[in-house]
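> Once you've had a glance at the structure underneath, I'll fire off some questions.
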2 protein chains.
Amino acid sequence: MVHPGTVLAQIDQQFPQSLARLFELLRFPTVATDPKHGADCQNATGWLVEQLGGMGFRTELRNTTGQPVVIGRYEPEGGGTHAPHILFYGHYDVQPADPVELWDSQPFEPQIRKGKDGKDSIFARGASDDKGQLMTFLEASRNWLSVHGSLPFRLTVLIEGDEEGDSTHLERFLKENAREFEVDAAFICDTGLWDDKTPAIETRLRGCIGDEVTITGPRIDLHSGYYGGPAANPIKVLSRILAAIHDSRGRVTIPGFYDGVKPIPPAVRRQWEKLKFPARRFLADVGLSVPAGEQGYSVLEQIWARPTAEVNGIYGGYRGPGSKTVLPAEATAKLTFRLVEGQNPKKVRKAFRAFVKSKLPRDCKARFVDGGGDSTGISVGEDTPWIKAARAALKDEWGRAPHLIGGGGSIPVVEMFKKFLKVDSLLVGFSRDSDSIHSPNEKYDVECYHKGIRSWARIIAQLAERE
Amino acid sequence: MVHPGTVLAQIDQQFPQSLARLFELLRFPTVATDPKHGADCQNATGWLVEQLGGMGFRTELRNTTGQPVVIGRYEPEGGGTHAPHILFYGHYDVQPADPVELWDSQPFEPQIRKGKDGKDSIFARGASDDKGQLMTFLEASRNWLSVHGSLPFRLTVLIEGDEEGDSTHLERFLKENAREFEVDAAFICDTGLWDDKTPAIETRLRGCIGDEVTITGPRIDLHSGYYGGPAANPIKVLSRILAAIHDSRGRVTIPGFYDGVKPIPPAVRRQWEKLKFPARRFLADVGLSVPAGEQGYSVLEQIWARPTAEVNGIYGGYRGPGSKTVLPAEATAKLTFRLVEGQNPKKVRKAFRAFVKSKLPRDCKARFVDGGGDSTGISVGEDTPWIKAARAALKDEWGRAPHLIGGGGSIPVVEMFKKFLKVDSLLVGFSRDSDSIHSPNEKYDVECYHKGIRSWARIIAQLAERE
């Protein structure tokens with residue numbers, strides 16, 4: 001049996017070096033969407049290549065249609081062809097630091113100081129999203145290798161630089177190079193803890209598909225005095241269609257929308273009930289008090305396990321100050337549908353368009369623009385060796401069993417790994433709600449970084465044991 | 001009996017002079033909304049004062065908060081204190097001529113040439129709206145006076161310079177100086193013929209009131225993945241409210257909306273049926289084929305005699321290119337209500353606001369902004385001496401009885417005369433649909449100008465007879 005004790009002791013002892021390396025990475029202002037940071041992104045990839053090379057990995061810097069991706073390949077002694085092959089994913093790009101004046105320290109000069117809750121935290125753009133998190137895995141691997149000389153699996157590390165731009169460049173790269181990544185599972189460290197003391201594994205994610213509809217009526221804008229009454233008004237028609245999407249119980253009425261959606265298994269519902277999710281506080285934080293979604297489902301279920309139809313934007317007619325007596329020639333709405341496992345995104349878009357057309361009065365037409373998205377909902381089986389290993393390891397490290405949770409949003413790479421590499425992802429992460437990712441004063445708690453490294457070491461130990 | 005024959009003969013004989021005077025007026029580029037035409041407006045008012053003075057009127061140029069108004073007062077020989085007092089209204093300001101490059105001749109250098117239909121037309125900005133029309137009345141009065149020496153009524157001519165800016169400055173002026181205008185009726189020459197050969201008198205106008213509603217929900221914009229489902233979406237709520245304003249038969253469902261609305265008298269319905277309004281072509285011209293208003297009413301009735309609720313503009317959430325997965329914190333719609341006689345504008349606004357509030361789910365609020373308008377619908381009795389005189393006179397001049405018609409829009413001065421001077425307006429005009437008012441190549445047919453002058457002379461004769 002592989003006991004992680006020695007590795008954990010070394011992680012504790014070497015933690016100042018782990019911190020120092022994270023600080024080095026945080027100093028690169030890798031705002032990939034801003035062309036003036038091109039050299040910074042290059043320097044960061046150079047640094048990552050050097051780190052992975054130093055750990056004995058075969059490294060590559062690969063061009064994409066966006067920022068380059070860093071690849072590090074590790075094979076156990078003797079080739080380990082029977083060992084499972086793990087893909088570890090992270091991203092070195094970060095959100096812009098604006099507005100810089102709201103930061104208490106420079107966003108690319110990391111600093112440890114106490115946060116509002118009295119905890120020692122690393123303040124820097126990217127501290128939590130995703131540099132601190134990706135480093136937990138790399139530092140765990142580094143320490144494991146230095147103690148044991150070999151990892152219990154083949155490992156490909158893939159660190160991209162366009163995640164904040166929705167990973168579209170990585171998508172093309174993966175599509176074209178899928179055969180280089182014949183892996184058994186993907187590990188991703190870009191999610192959070194359940195609460196301060198309880199770890200979490202995300203096993204469900206909603207997919208997403210967008211669509212835009214423009215209702216056209218009269219050939220031109222009309223005067224509401226001369227035509228008001230007999231002339232069809234596209235804003236009225238659009239409103240009627242949007243109003244008809246949900247019934248009085250919050251259920252989507254589009255025929256075929258729920259095709260393939262499975263009921264939430266009773267065991268899962270019970271498990272989620274036990275989480276005692278503070279739904280009231282969750283809503284109160286954003287000024288709401290009543291769940292507005294499908295009746296018969298808890299707030300958590302509405303977010304994690306039920307699909308939605310949402311209008312994200314609407315416009316038509318006069319939008320300036322004051323009033324204008326116009327009957328507009330057209331009106332537009334942008335929608336996204338959050339999807340769960342079993343729903344086919346393209347079929348949902350088709351069903352929406354058919355629904356719109358079925359509601360059109362004579363004299364009105366509908367024009368559609370593909371709103372992107374196109375990702376399916378995902379639910380990962382909870383009995384994979386990876387999840388079993390993570391559950392045991394996280395419990396040992398945190399003293400509490402991790403919650404298996406869902407997520408209402410989409411993580412595009414999870415969908416890509418499923419689509420192009422045909423593998424499920426293990427989503428484990430250590431960020432806290434208080435980390436202010438995408439905001440000024442982003443931070444990552446020192447404890448999260450430290451226990452994050454230890455958590456991955458324990459997961460590696462669990463996998464070694466199961467080998 | 002006062003036979004108009006002599007006056008008509010003189011009008012025909014003096015027509016070249018009448019044309020020349022109109023050309024002089026058309027040469028002033030009186031674009032009142034453009035500060036660089038300030039002097040042109042002044043020069044035009046000077047010219048008008050001179051013309052009215054030359055006809056023996058007591059003239060005044062009065063300041064308003066906008067352009068000055070020209071006033072000319074005429075009293076019959078001996079004071080004529082028992083004679084009725086008529087207010088004649090017109091406006092000397094015109095729409096901007098842009099885009100000038102689309103004109104076939106200079107907009108402020110009037111030119112007579114044949115239009116598309118082969119008719120001799122006067123091409124110039126303001127030819128029809130309203131310089132040519134107001135001159136029909138002034139030239140008729142001039143010729144009458146030169147033949148008979150005296151008009152059969154007291155007359156106050158009021159020519160304003162801010163009509164294209166909605167007459168708001170005139171409104172203030174009338175409100176403050178109403179006692180100077182103790183008149184029995186207002187004559188306005190700013191409307192059109194029914195068709196090429198048939199004159200018309202407008203006896204109904206719709207009023208208008210505007211309102212703007214903003215629905216607010218969450219305190220901030222939310223992520224549609226993390227909150228989609230349980231969070232209230234203001235666009236959805238607004239759509240539901242707008243969709244509920246009309247029932248399936250096109251009737252407005254706002255409680256109290258129809259308070260005070262009288263049914264269309266059967267005689268009026270029959271009269272309108274006889275007009276054989278080409279409803280199909282009217283709609284087809286703007287790309288429509290089916291009347292979308294209240295069922296049970298013809299297109300003409302929907303426009304002339306029924307109130308409406310129209311959404312003029314809507315906006316909320318993301319309106320840029322592509323898609324953004326946001327649940328917006330608010331959404332706004334701008335509405336106007338066209339009103340008919342009997343409806344109280346302020347009560348309609350209040351009823352709308354109560355309707356919106358009654359439809360709000362918990363967690364959503366509504367905020368309103370007064371959208372202006374605030375004019376009542378107007379219907380003029382068809383048996384006033386003025387309308388009787390105009391009916392007879394127009395029939396004599398055009399060989400066809402004039403149609404008594406409605407108008408779907410509002411004419412602010414008609415409402416002001418009703419409100420501040422407590423008088424009804426006689427709306428007679430000679431413009432044609434082909435006159436391109438507000439557009440390049442505005443024109444007024446020579447025939448319309450000539451027969452317009454003759455028509456007013458006949459109306460004066462009718463009034464003289466009835467004295």
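Here's how to read the names in the structure tokens: chain A, B, ... by the order shown, residue numbers from 1 in each chain, ligand numbers from 1 in the order shown.
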What residues in chain A lie within 6 Å of chain B, counting only C-alpha atoms, written as an mmCIF file with C-alpha atoms, in the first residue's frame?


data_model
loop_
_atom_site.group_PDB
_atom_site.id
_atom_site.type_symbol
_atom_site.label_atom_id
_atom_site.label_comp_id
_atom_site.auth_asym_id
_atom_site.auth_seq_id
_atom_site.Cartn_x
_atom_site.Cartn_y
_atom_site.Cartn_z
ATOM 1 C CA PRO A 218 -44.513 45.988 -41.425
ATOM 2 C CA ARG A 219 -42.032 46.730 -44.197
ATOM 3 C CA GLY A 225 -51.341 57.382 -35.087
ATOM 4 C CA TYR A 226 -51.861 56.592 -38.746
ATOM 5 C CA GLY A 229 -54.744 49.486 -34.523
ATOM 6 C CA PRO A 230 -54.685 47.623 -37.843
ATOM 7 C CA ALA A 231 -50.894 47.281 -38.141
ATOM 8 C CA ALA A 232 -49.185 44.266 -36.576
ATOM 9 C CA SER A 239 -43.728 39.557 -26.194
ATOM 10 C CA ARG A 240 -46.541 37.095 -26.738
ATOM 11 C CA ALA A 243 -44.586 34.995 -22.556
ATOM 12 C CA VAL A 286 -29.096 39.155 -5.231
ATOM 13 C CA GLY A 287 -32.260 40.856 -3.998
ATOM 14 C CA LEU A 288 -34.725 37.991 -4.526
ATOM 15 C CA PRO A 291 -37.574 30.692 -6.477
ATOM 16 C CA ALA A 292 -38.957 31.654 -9.905
ATOM 17 C CA GLY A 293 -38.184 28.369 -11.665
ATOM 18 C CA VAL A 299 -33.520 25.886 -5.893
ATOM 19 C CA GLN A 302 -33.614 24.048 -10.556
ATOM 20 C CA ILE A 303 -29.976 25.056 -11.069
ATOM 21 C CA THR A 308 -34.131 26.458 -18.564
ATOM 22 C CA ASN A 312 -30.795 37.381 -22.125
ATOM 23 C CA GLY A 313 -31.613 40.477 -24.116
ATOM 24 C CA ILE A 314 -34.400 42.193 -25.997
ATOM 25 C CA TYR A 315 -34.658 45.252 -28.210
ATOM 26 C CA GLY A 316 -36.937 46.860 -30.727
ATOM 27 C CA GLY A 317 -38.353 50.246 -31.720
ATOM 28 C CA TYR A 318 -37.456 53.507 -30.038
ATOM 29 C CA ARG A 319 -34.993 53.283 -27.165
ATOM 30 C CA SER A 323 -41.186 59.018 -26.334
ATOM 31 C CA VAL A 326 -43.464 54.566 -33.781
ATOM 32 C CA LEU A 327 -44.708 51.090 -34.617
ATOM 33 C CA ASP A 363 -47.997 39.268 -41.645
ATOM 34 C CA GLY A 371 -26.475 32.149 -30.790
ATOM 35 C CA GLY A 408 -25.664 25.372 -13.254
ATOM 36 C CA GLY A 409 -23.190 26.744 -15.746
#

> Neighbouring residues of Ile460 in chain B were defined as those with any atom within 10 Å, considering only C-alpha atoms; residues of the same chain fewer than 6 positions away were excluded. Please report them as a list in words.

Val2, Pro4, Phe137, Ala140, Ser141, Trp144, Leu151, Pro152, Phe153, Trp386, Ala389, Ala390, Ala393, Arg454 and Arg466 of chain B

> Restricting the calculation to only C-alpha atoms: of A:Arg270, A:Arg172, A:Arg62, A:Lys388, which residue gets closest to Gly46 in chain A?

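When distances to Gly46 in chain A are compared using only C-alpha atoms, the smallest one comes from A:Arg62.
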
> Hey, could you make a per-residue contact list for range 191-290 of chain B against range 423-446 of chain B with 6 Å as the cut-off, showing the nearest pair of atoms and its distance in Å to one decimal, counting only C-alpha atoms, sorted by chain and number, as JSON lines?


{"residue": "B:Thr191", "atom": "CA", "partner": "B:Gly429", "partner_atom": "CA", "distance": 4.3}
{"residue": "B:Gly192", "atom": "CA", "partner": "B:Ser431", "partner_atom": "CA", "distance": 4.3}
{"residue": "B:Leu193", "atom": "CA", "partner": "B:Phe430", "partner_atom": "CA", "distance": 5.1}
{"residue": "B:Ile201", "atom": "CA", "partner": "B:Val428", "partner_atom": "CA", "distance": 5.1}
{"residue": "B:Glu202", "atom": "CA", "partner": "B:Leu427", "partner_atom": "CA", "distance": 5.3}

> For CA of Ala178 in chain B and CA of Val340 in chain B, quote the distance in Å rounded to one decimal.

25.0 Å

> Taking the DSSP assignment computed from this structure's backbone, write out as an NGL selection string all residues of range 207-385 of chain A that belong to helix (DSSP H, G or I).

:A and (224-227 or 234-244 or 266-274 or 279-284 or 299-304 or 345-358 or 385)

> Output N, CA and C atoms for every residue in that selection, as a short mmCIF file (atom, residue, chain, number, x, y, z; two decimals), in the first residue's frame.


data_model
loop_
_atom_site.label_atom_id
_atom_site.label_comp_id
_atom_site.auth_asym_id
_atom_site.auth_seq_id
_atom_site.Cartn_x
_atom_site.Cartn_y
_atom_site.Cartn_z
N SER A 224 -47.60 55.55 -35.18
CA SER A 224 -48.60 54.84 -34.35
C SER A 224 -49.97 55.50 -34.41
N GLY A 225 -50.04 56.75 -34.92
CA GLY A 225 -51.34 57.38 -35.09
C GLY A 225 -52.00 56.90 -36.36
N TYR A 226 -51.26 56.91 -37.45
CA TYR A 226 -51.86 56.59 -38.75
C TYR A 226 -52.09 55.09 -38.94
N TYR A 227 -51.31 54.26 -38.20
CA TYR A 227 -51.43 52.81 -38.40
C TYR A 227 -51.79 52.05 -37.12
N PRO A 234 -44.48 44.12 -34.13
CA PRO A 234 -43.55 43.03 -33.83
C PRO A 234 -43.16 42.93 -32.35
N ILE A 235 -43.15 44.05 -31.62
CA ILE A 235 -42.82 43.95 -30.18
C ILE A 235 -43.93 43.19 -29.45
N LYS A 236 -45.18 43.49 -29.82
CA LYS A 236 -46.30 42.78 -29.19
C LYS A 236 -46.21 41.29 -29.51
N VAL A 237 -45.93 40.99 -30.78
CA VAL A 237 -45.86 39.58 -31.21
C VAL A 237 -44.73 38.86 -30.48
N LEU A 238 -43.57 39.52 -30.41
CA LEU A 238 -42.42 38.92 -29.72
C LEU A 238 -42.75 38.70 -28.24
N SER A 239 -43.38 39.69 -27.62
CA SER A 239 -43.73 39.56 -26.19
C SER A 239 -44.64 38.36 -25.98
N ARG A 240 -45.61 38.21 -26.88
CA ARG A 240 -46.54 37.09 -26.74
C ARG A 240 -45.81 35.76 -26.84
N ILE A 241 -44.87 35.68 -27.77
CA ILE A 241 -44.13 34.43 -27.94
C ILE A 241 -43.27 34.16 -26.71
N LEU A 242 -42.56 35.18 -26.22
CA LEU A 242 -41.71 34.98 -25.05
C LEU A 242 -42.55 34.63 -23.83
N ALA A 243 -43.72 35.27 -23.71
CA ALA A 243 -44.59 34.99 -22.56
C ALA A 243 -45.10 33.56 -22.59
N ALA A 244 -45.21 33.01 -23.80
CA ALA A 244 -45.79 31.66 -23.94
C ALA A 244 -44.77 30.55 -23.69
N PRO A 266 -34.03 9.58 -7.05
CA PRO A 266 -34.38 9.88 -5.65
C PRO A 266 -33.15 9.94 -4.75
N ALA A 267 -32.16 9.09 -4.99
CA ALA A 267 -30.97 9.09 -4.14
C ALA A 267 -30.23 10.42 -4.26
N VAL A 268 -30.19 10.93 -5.50
CA VAL A 268 -29.51 12.21 -5.72
C VAL A 268 -30.27 13.34 -5.03
N ARG A 269 -31.60 13.30 -5.18
CA ARG A 269 -32.41 14.34 -4.52
C ARG A 269 -32.16 14.32 -3.01
N ARG A 270 -32.12 13.12 -2.44
CA ARG A 270 -31.90 13.02 -0.99
C ARG A 270 -30.52 13.57 -0.62
N GLN A 271 -29.54 13.19 -1.43
CA GLN A 271 -28.16 13.64 -1.19
C GLN A 271 -28.10 15.17 -1.20
N TRP A 272 -28.79 15.78 -2.18
CA TRP A 272 -28.77 17.24 -2.28
C TRP A 272 -29.53 17.91 -1.14
N GLU A 273 -30.61 17.24 -0.72
CA GLU A 273 -31.34 17.79 0.42
C GLU A 273 -30.44 17.90 1.64
N LYS A 274 -29.58 16.88 1.78
CA LYS A 274 -28.69 16.84 2.95
C LYS A 274 -27.67 17.97 2.94
N ALA A 279 -30.83 28.24 0.38
CA ALA A 279 -31.49 28.81 -0.79
C ALA A 279 -31.98 30.23 -0.53
N ARG A 280 -32.51 30.45 0.64
CA ARG A 280 -33.05 31.76 0.97
C ARG A 280 -31.96 32.83 0.93
N ARG A 281 -30.80 32.49 1.51
CA ARG A 281 -29.70 33.45 1.53
C ARG A 281 -29.13 33.64 0.12
N PHE A 282 -29.04 32.53 -0.62
CA PHE A 282 -28.54 32.57 -2.00
C PHE A 282 -29.36 33.57 -2.83
N LEU A 283 -30.68 33.53 -2.68
CA LEU A 283 -31.54 34.46 -3.42
C LEU A 283 -31.47 35.87 -2.82
N ALA A 284 -31.48 35.94 -1.50
CA ALA A 284 -31.47 37.25 -0.84
C ALA A 284 -30.22 38.04 -1.23
N VAL A 299 -34.41 24.95 -5.19
CA VAL A 299 -33.52 25.89 -5.89
C VAL A 299 -32.31 25.15 -6.47
N LEU A 300 -31.70 24.28 -5.66
CA LEU A 300 -30.53 23.54 -6.14
C LEU A 300 -30.89 22.67 -7.33
N GLU A 301 -32.03 22.02 -7.25
CA GLU A 301 -32.47 21.16 -8.36
C GLU A 301 -32.74 22.00 -9.61
N GLN A 302 -33.34 23.18 -9.41
CA GLN A 302 -33.61 24.05 -10.56
C GLN A 302 -32.31 24.44 -11.26
N ILE A 303 -31.24 24.62 -10.47
CA ILE A 303 -29.98 25.06 -11.07
C ILE A 303 -29.15 23.89 -11.60
N TRP A 304 -29.14 22.79 -10.86
CA TRP A 304 -28.23 21.70 -11.19
C TRP A 304 -28.82 20.65 -12.13
N PRO A 345 -28.73 19.60 -27.96
CA PRO A 345 -28.77 21.07 -28.16
C PRO A 345 -29.38 21.47 -29.49
N LYS A 346 -28.98 20.82 -30.55
CA LYS A 346 -29.48 21.21 -31.88
C LYS A 346 -30.98 20.98 -31.99
N LYS A 347 -31.45 19.90 -31.37
CA LYS A 347 -32.89 19.63 -31.40
C LYS A 347 -33.65 20.67 -30.59
N VAL A 348 -33.04 21.13 -29.51
CA VAL A 348 -33.69 22.16 -28.68
C VAL A 348 -33.83 23.44 -29.49
N ARG A 349 -32.76 23.81 -30.21
CA ARG A 349 -32.83 25.04 -31.02
C ARG A 349 -33.92 24.89 -32.09
N LYS A 350 -33.95 23.71 -32.69
CA LYS A 350 -34.94 23.46 -33.74
C LYS A 350 -36.37 23.54 -33.17
N ALA A 351 -36.52 22.96 -31.97
CA ALA A 351 -37.85 22.97 -31.33
C ALA A 351 -38.26 24.41 -31.01
N PHE A 352 -37.30 25.22 -30.55
CA PHE A 352 -37.61 26.62 -30.24
C PHE A 352 -38.06 27.35 -31.50
N ARG A 353 -37.33 27.13 -32.59
CA ARG A 353 -37.68 27.84 -33.83
C ARG A 353 -39.07 27.42 -34.34
N ALA A 354 -39.36 26.12 -34.22
CA ALA A 354 -40.68 25.65 -34.65
C ALA A 354 -41.77 26.27 -33.78
N PHE A 355 -41.47 26.36 -32.48
CA PHE A 355 -42.40 26.96 -31.53
C PHE A 355 -42.69 28.41 -31.92
N VAL A 356 -41.64 29.17 -32.21
CA VAL A 356 -41.81 30.58 -32.60
C VAL A 356 -42.69 30.65 -33.84
N LYS A 357 -42.34 29.84 -34.83
CA LYS A 357 -43.09 29.90 -36.10
C LYS A 357 -44.56 29.55 -35.89
N SER A 358 -44.82 28.61 -34.98
CA SER A 358 -46.21 28.20 -34.75
C SER A 358 -47.03 29.32 -34.12
N PRO A 385 -13.34 5.01 -11.06
CA PRO A 385 -12.19 4.90 -10.13
C PRO A 385 -11.69 6.28 -9.70
#

> In Å, with one decimal, what is the gap from CA of Lys119 in chain A to CA of Asp195 in chain A?

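Taking CA of Lys119 in chain A as the start and CA of Asp195 in chain A as the end point, the length is 14.4 Å.
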
> As a PyMOL selection string, please: all residues of range 129-213 of chain A that backbone DSSP puts in strand (DSSP E or B).

chain A and resi 154-160+185-188+192+195+198+200-205+207-213

> For the selection just defined, write its residues with N, CA and C atoms to a file, as a tab-separated table (two decimals), in the first residue's frame.


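File written: part13.tsv
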chain	number	residue	atom	x	y	z
A	154	ARG	N	0.17	7.29	-16.49
A	154	ARG	CA	0.70	8.14	-17.54
A	154	ARG	C	-0.01	9.48	-17.39
A	155	LEU	N	0.70	10.54	-17.70
A	155	LEU	CA	0.10	11.86	-17.47
A	155	LEU	C	0.40	12.79	-18.63
A	156	THR	N	-0.64	13.43	-19.14
A	156	THR	CA	-0.43	14.52	-20.09
A	156	THR	C	-0.98	15.79	-19.47
A	157	VAL	N	-0.12	16.76	-19.32
A	157	VAL	CA	-0.55	18.05	-18.78
A	157	VAL	C	-0.83	18.98	-19.96
A	158	LEU	N	-1.98	19.61	-19.95
A	158	LEU	CA	-2.37	20.51	-21.05
A	158	LEU	C	-2.78	21.83	-20.42
A	159	ILE	N	-1.99	22.87	-20.70
A	159	ILE	CA	-2.31	24.17	-20.09
A	159	ILE	C	-2.53	25.18	-21.21
A	160	GLU	N	-3.78	25.64	-21.29
A	160	GLU	CA	-4.12	26.53	-22.42
A	160	GLU	C	-4.11	27.99	-21.98
A	185	ALA	N	-9.06	9.62	-18.55
A	185	ALA	CA	-9.85	10.57	-17.77
A	185	ALA	C	-9.15	11.93	-17.81
A	186	ALA	N	-9.94	12.97	-17.60
A	186	ALA	CA	-9.37	14.31	-17.49
A	186	ALA	C	-9.55	14.81	-16.07
A	187	PHE	N	-8.48	15.38	-15.50
A	187	PHE	CA	-8.57	16.01	-14.18
A	187	PHE	C	-8.53	17.53	-14.41
A	188	ILE	N	-9.44	18.22	-13.79
A	188	ILE	CA	-9.49	19.67	-13.94
A	188	ILE	C	-9.55	20.30	-12.57
A	192	GLY	N	-14.61	24.87	-7.05
A	192	GLY	CA	-14.43	25.33	-5.67
A	192	GLY	C	-14.78	24.32	-4.60
A	195	ASP	N	-18.03	24.57	1.06
A	195	ASP	CA	-17.99	25.69	1.99
A	195	ASP	C	-16.59	25.72	2.58
A	198	THR	N	-15.60	22.14	3.67
A	198	THR	CA	-16.05	20.91	3.01
A	198	THR	C	-15.66	20.91	1.53
A	200	ALA	N	-15.54	19.49	-2.47
A	200	ALA	CA	-16.63	19.13	-3.38
A	200	ALA	C	-16.07	18.55	-4.68
A	201	ILE	N	-16.86	17.68	-5.28
A	201	ILE	CA	-16.55	17.16	-6.61
A	201	ILE	C	-17.75	17.48	-7.49
A	202	GLU	N	-17.52	18.15	-8.59
A	202	GLU	CA	-18.66	18.48	-9.46
A	202	GLU	C	-18.89	17.34	-10.43
A	203	THR	N	-20.11	16.80	-10.40
A	203	THR	CA	-20.40	15.65	-11.26
A	203	THR	C	-21.49	15.94	-12.30
A	204	ARG	N	-22.06	17.15	-12.22
A	204	ARG	CA	-23.09	17.52	-13.20
A	204	ARG	C	-22.83	18.95	-13.66
A	205	LEU	N	-22.98	19.17	-14.93
A	205	LEU	CA	-22.90	20.52	-15.48
A	205	LEU	C	-24.01	20.68	-16.49
A	207	GLY	N	-25.47	22.09	-19.99
A	207	GLY	CA	-25.00	22.55	-21.29
A	207	GLY	C	-25.71	23.85	-21.63
A	208	CYS	N	-25.47	24.33	-22.82
A	208	CYS	CA	-26.03	25.62	-23.19
A	208	CYS	C	-26.16	25.73	-24.71
A	209	ILE	N	-27.26	26.31	-25.15
A	209	ILE	CA	-27.36	26.66	-26.57
A	209	ILE	C	-28.08	28.00	-26.67
A	210	GLY	N	-27.58	28.83	-27.58
A	210	GLY	CA	-28.16	30.16	-27.72
A	210	GLY	C	-28.87	30.33	-29.04
A	211	ASP	N	-29.85	31.19	-29.06
A	211	ASP	CA	-30.51	31.52	-30.32
A	211	ASP	C	-31.02	32.96	-30.26
A	212	GLU	N	-31.11	33.55	-31.42
A	212	GLU	CA	-31.58	34.93	-31.49
A	212	GLU	C	-32.73	34.95	-32.47
A	213	VAL	N	-33.82	35.59	-32.09
A	213	VAL	CA	-34.98	35.64	-32.99
A	213	VAL	C	-35.37	37.10	-33.23

> Which residues are close to range 161-171 of chain A, i.e. within 6 Å by only C-alpha atoms, leaving aside same-chain residues fewer than 5 positions away? Reply as a list in words.

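Listing them by chain and then by number gives Thr65, Gly66, Gln67, His91, Tyr92 and Asp93 of chain A.
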
> Restrict the selected residues to C-alpha atoms and save them as a PDB file, in the first residue's frame.


ATOM      1  CA  THR A  65      -5.328  29.768 -33.646  1.00  0.00           C
ATOM      2  CA  GLY A  66      -5.047  31.703 -30.355  1.00  0.00           C
ATOM      3  CA  GLN A  67      -2.440  31.542 -27.581  1.00  0.00           C
ATOM      4  CA  HIS A  91      -5.225  27.560 -18.013  1.00  0.00           C
ATOM      5  CA  TYR A  92      -2.532  30.206 -17.670  1.00  0.00           C
ATOM      6  CA  ASP A  93      -4.557  33.124 -19.059  1.00  0.00           C
TER       7      ASP A  93
END
